[in-house]
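**Student:** Got a structure here, written out as structure tokens. Questions coming.
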Amino acid sequence: MSIRVPMVPLKWRKYLALVDFGFQSADELAADIRRYQISNAHLLVRDLESDLRDDSRQARRSFYVVKLVPADLPGQLPNFNVERVSQLKPLVAFLAAYRRENYLEAWYCRTRIDSEVFSVAGRIVFSAADTGKTQLVEQLWRGSPRLLETYSNDFEFPYVRASRYSWGWPYSIEHVHRPRKSARKSALSNLQLQSEFGYSMRCLEQEREKLAAFCAFLDSFSFKAYSLEYKIVGSQLKIIDWDTPDDRRVLASRHVHLFDRTH
């Protein structure tokens, strides 16, 4: 009798590569990302509602991102952001709209964003730019790094963009954005944003050995650019994603033990 091996989404294989490089354990990854078969998306909504109500009881705020995951796409997945119970009904409509499309799973993850805790997220782009600056960082406060893709003059989150030549060099801050309606995201002065950005970069520099090893691996593919996403909540730094021009090629070169770590 043949044994059916569960299909592992390409996106999950990307996360397992972060486990391989020591950024987190398989148990931590499973705890951070709640995975559901697409046929059980109603259970995701139930559990997310439970988490939201638990946040309310504990006077805590969290930012949840729900993703729909197909078998073979590494990124740019449909997603829906949730901060309040009132957004669950639109979430159900979002899930229903994609019901007939080719998605294997639905996931959600949480980032704590209340004012009682330090909470930032960002993206580092490594490139061989003509300017010579090879590391460009964009960081926002109290949200998901995926929100960086929607940055504009009306962006509702505090935001800093900076660059530097390489590891060990100081960052040059190129742009600071403070939202007009900043009370909701906590009103931080330019000086506070720059100070907290500096703290965030020191947290990243403390993980330089692991980061540099992963970058050296990605550099072996001769990409013109690639990126890493991170978040820092409290004093805990997590590398949460990575993107290259050809993720499939990268994953094909890694001997990831997929089938004993699917859940």
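Identifiers for the structure tokens are assigned positionally: chains receive A, B, ... in sequence, residues are indexed from 1 per chain, and ligands are indexed from 1 in the order shown.
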Pick out the residues sitting within 12 Å of Ala96 in chain A, and hand them over as a list in words; count only C-alpha atoms, and ignore anything fewer than 2 positions along from it in its own chain.

**Tutor:** Ile38, Ser39, Asn40, Ala41, His42, Val45, Leu68, Lys89, Pro90, Leu91, Val92, Ala93, Phe94, Tyr98, Arg99, Arg100, Glu101, Tyr103 and Ala106 of chain A

**Student:** Filtering to C-alpha atoms, could you give me those residues as a PDB file, in the first residue's frame?

**Tutor:**
ATOM      1  CA  ILE A  38      -8.057  25.490   3.347  1.00  0.00           C
ATOM      2  CA  SER A  39     -11.098  23.278   3.985  1.00  0.00           C
ATOM      3  CA  ASN A  40     -10.766  24.165   7.686  1.00  0.00           C
ATOM      4  CA  ALA A  41     -10.552  27.933   7.238  1.00  0.00           C
ATOM      5  CA  HIS A  42     -13.562  28.281   9.562  1.00  0.00           C
ATOM      6  CA  VAL A  45     -11.587  32.309  12.086  1.00  0.00           C
ATOM      7  CA  LEU A  68      -3.742  32.133   1.671  1.00  0.00           C
ATOM      8  CA  LYS A  89     -16.862  39.303   9.108  1.00  0.00           C
ATOM      9  CA  PRO A  90     -14.863  40.889   6.246  1.00  0.00           C
ATOM     10  CA  LEU A  91     -12.241  38.179   6.808  1.00  0.00           C
ATOM     11  CA  VAL A  92     -14.876  35.486   6.247  1.00  0.00           C
ATOM     12  CA  ALA A  93     -15.832  37.241   2.999  1.00  0.00           C
ATOM     13  CA  PHE A  94     -12.149  37.382   1.986  1.00  0.00           C
ATOM     14  CA  TYR A  98     -10.806  32.737  -2.820  1.00  0.00           C
ATOM     15  CA  ARG A  99     -12.538  29.459  -1.958  1.00  0.00           C
ATOM     16  CA  ARG A 100     -12.557  28.084  -5.499  1.00  0.00           C
ATOM     17  CA  GLU A 101      -8.940  28.985  -6.261  1.00  0.00           C
ATOM     18  CA  TYR A 103      -4.909  27.304  -2.265  1.00  0.00           C
ATOM     19  CA  ALA A 106      -4.652  29.405   5.282  1.00  0.00           C
TER      20      ALA A 106
END

**Student:** Excluding Leu204 in chain A and any residue of its chain fewer than 3 positions from it, enumerate the residues within 12 Å of it, using only C-alpha atoms, and give them as a ChimeraX atom specification.

**Tutor:** /A:23,121-124,137,167-168,197-201,207-212,228-232,235-239

**Student:** Using DSSP on the backbone, list every residue of range 8-54 of chain A that comes out as strand (DSSP E or B), and give them as a count of residues only.

**Tutor:** 5

**Student:** What gap, in Å, lies between CA of Arg142 in chain A and CA of Ile113 in chain A?

**Tutor:** 4.7 Å

**Student:** For Gln37 in chain A, which residue among A:Trp107, A:Glu83, A:Ser50, A:Gln76 is the nearest when counting only C-alpha atoms?

**Tutor:**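 Among A:Trp107, A:Glu83, A:Ser50, A:Gln76, it is A:Trp107 that comes nearest to Gln37 in chain A.
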
**Student:** May I ask for the distance between CA of Ser227 in chain A and CA of Thr244 in chain A, given in Å to one decimal place?

**Tutor:** 6.7 Å

**Student:** Got a sec: who's within 7 Å of Phe80 in chain A, counting only C-alpha atoms, leaving out chain neighbours fewer than 5 positions off, as a list in words?

**Tutor:**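 Non-adjacent residues within range: Val65, Val66, Lys67 and Leu91 of chain A.
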
**Student:** Point out the residue among A:Arg57, A:Ser172, A:Gly75, A:Glu28 with the least atom-to-atom distance to Lys14 in chain A, counting only C-alpha atoms.

**Tutor:** A:Gly75

**Student:** Give me the residues within 12 Å of Tyr151 in chain A as JSON, numbers by chain, counting only C-alpha atoms and dropping any in the same chain fewer than 2 places off.

**Tutor:** {"A": [138, 139, 140, 145, 146, 147, 148, 149, 153, 154, 155, 156, 157, 158, 159, 160, 161, 177, 178, 179]}

**Student:** Measure the distance from CA of Phe214 in chain A to CA of Ser253 in chain A in Å and round it to one decimal.

**Tutor:**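 Between CA of Phe214 in chain A and CA of Ser253 in chain A the gap is 13.2 Å.
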
**Student:** Taking 3 positions as the minimum chain separation for residues in the same chain, which residues sit within 10 Å of Ser166 in chain A when counting only C-alpha atoms? Answer as a list in words.

**Tutor:**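 In the requested format, the answer is Phe126, Gly132, Lys133, Thr134, Gln135, Leu136, Ser163, Trp169, Pro170 and Tyr171 of chain A.
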
**Student:** Kindly export the residues of the current selection with N, CA and C atoms, as a short mmCIF file (atom, residue, chain, number, x, y, z; two decimals), in the first residue's frame.

**Tutor:**
data_model
loop_
_atom_site.label_atom_id
_atom_site.label_comp_id
_atom_site.auth_asym_id
_atom_site.auth_seq_id
_atom_site.Cartn_x
_atom_site.Cartn_y
_atom_site.Cartn_z
N PHE A 126 19.66 43.74 0.40
CA PHE A 126 21.09 43.63 0.12
C PHE A 126 21.28 43.70 -1.39
N GLY A 132 27.29 52.05 -4.18
CA GLY A 132 28.20 51.40 -3.24
C GLY A 132 27.55 51.04 -1.92
N LYS A 133 26.32 51.55 -1.67
CA LYS A 133 25.64 51.21 -0.43
C LYS A 133 24.90 49.90 -0.63
N THR A 134 25.31 48.90 0.10
CA THR A 134 24.81 47.56 -0.17
C THR A 134 23.69 47.10 0.77
N GLN A 135 23.38 47.86 1.80
CA GLN A 135 22.31 47.47 2.71
C GLN A 135 21.33 48.64 2.88
N LEU A 136 20.10 48.41 2.46
CA LEU A 136 19.04 49.41 2.60
C LEU A 136 17.99 48.85 3.54
N SER A 163 20.47 53.53 5.01
CA SER A 163 21.36 52.65 4.26
C SER A 163 22.78 52.72 4.83
N TRP A 169 29.40 49.11 9.49
CA TRP A 169 29.33 50.53 9.15
C TRP A 169 28.08 51.15 9.79
N PRO A 170 28.14 52.45 10.13
CA PRO A 170 26.94 53.11 10.66
C PRO A 170 25.90 53.32 9.56
N TYR A 171 24.65 53.35 9.95
CA TYR A 171 23.58 53.63 9.00
C TYR A 171 23.43 55.14 8.80
#

**Student:** Considering only C-alpha atoms, return as a PyMOL selection string whatever protein or nucleic-acid residues lie within 8 Å of Pro245 in chain A, sequence-local ones (same chain, fewer than 4 positions apart) excluded.

**Tutor:** chain A and resi 223+225-226

**Student:** Create the file for the chosen residues now, containing N, CA and C atoms and written as a PDB file, in the first residue's frame.

**Tutor:**
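Final file, result_21.pdb:
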ATOM      1  N   PHE A 223      22.680  36.887  -7.250  1.00  0.00           N
ATOM      2  CA  PHE A 223      21.528  37.761  -7.431  1.00  0.00           C
ATOM      3  C   PHE A 223      21.974  39.218  -7.339  1.00  0.00           C
ATOM      4  N   ALA A 225      20.044  41.484  -6.151  1.00  0.00           N
ATOM      5  CA  ALA A 225      19.496  41.957  -4.875  1.00  0.00           C
ATOM      6  C   ALA A 225      18.623  40.859  -4.270  1.00  0.00           C
ATOM      7  N   TYR A 226      18.489  40.894  -2.947  1.00  0.00           N
ATOM      8  CA  TYR A 226      17.581  40.024  -2.219  1.00  0.00           C
ATOM      9  C   TYR A 226      17.265  40.709  -0.900  1.00  0.00           C
TER      10      TYR A 226
END

**Student:** Between A:Leu10, A:Tyr108, A:Leu52, A:Leu95, which has the minimum distance to Asp72 in chain A (counting only C-alpha atoms)?

**Tutor:**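 The closest residue to Asp72 in chain A is A:Leu10.
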
**Student:** Excluding range 24-27 of chain A and its own-chain neighbours fewer than 4 positions away, which residues fall within 8 Å of it when counting only C-alpha atoms? Please give them as a PyMOL selection string.

**Tutor:** chain A and resi 16+18-19+31+238+261

**Student:** If you run DSSP on the backbone, which residues of range 2-163 of chain A are helix (DSSP H, G or I), as JSON, numbers by chain?

**Tutor:** {"A": [10, 11, 12, 13, 14, 15, 16, 17, 18, 19, 20, 26, 27, 28, 29, 30, 31, 32, 38, 39, 40, 41, 42, 43, 44, 45, 46, 47, 48, 49, 50, 51, 52, 53, 54, 55, 56, 57, 85, 86, 87, 88, 89, 90, 91, 92, 93, 94, 95, 96, 97, 145, 146, 147, 148, 149, 150]}
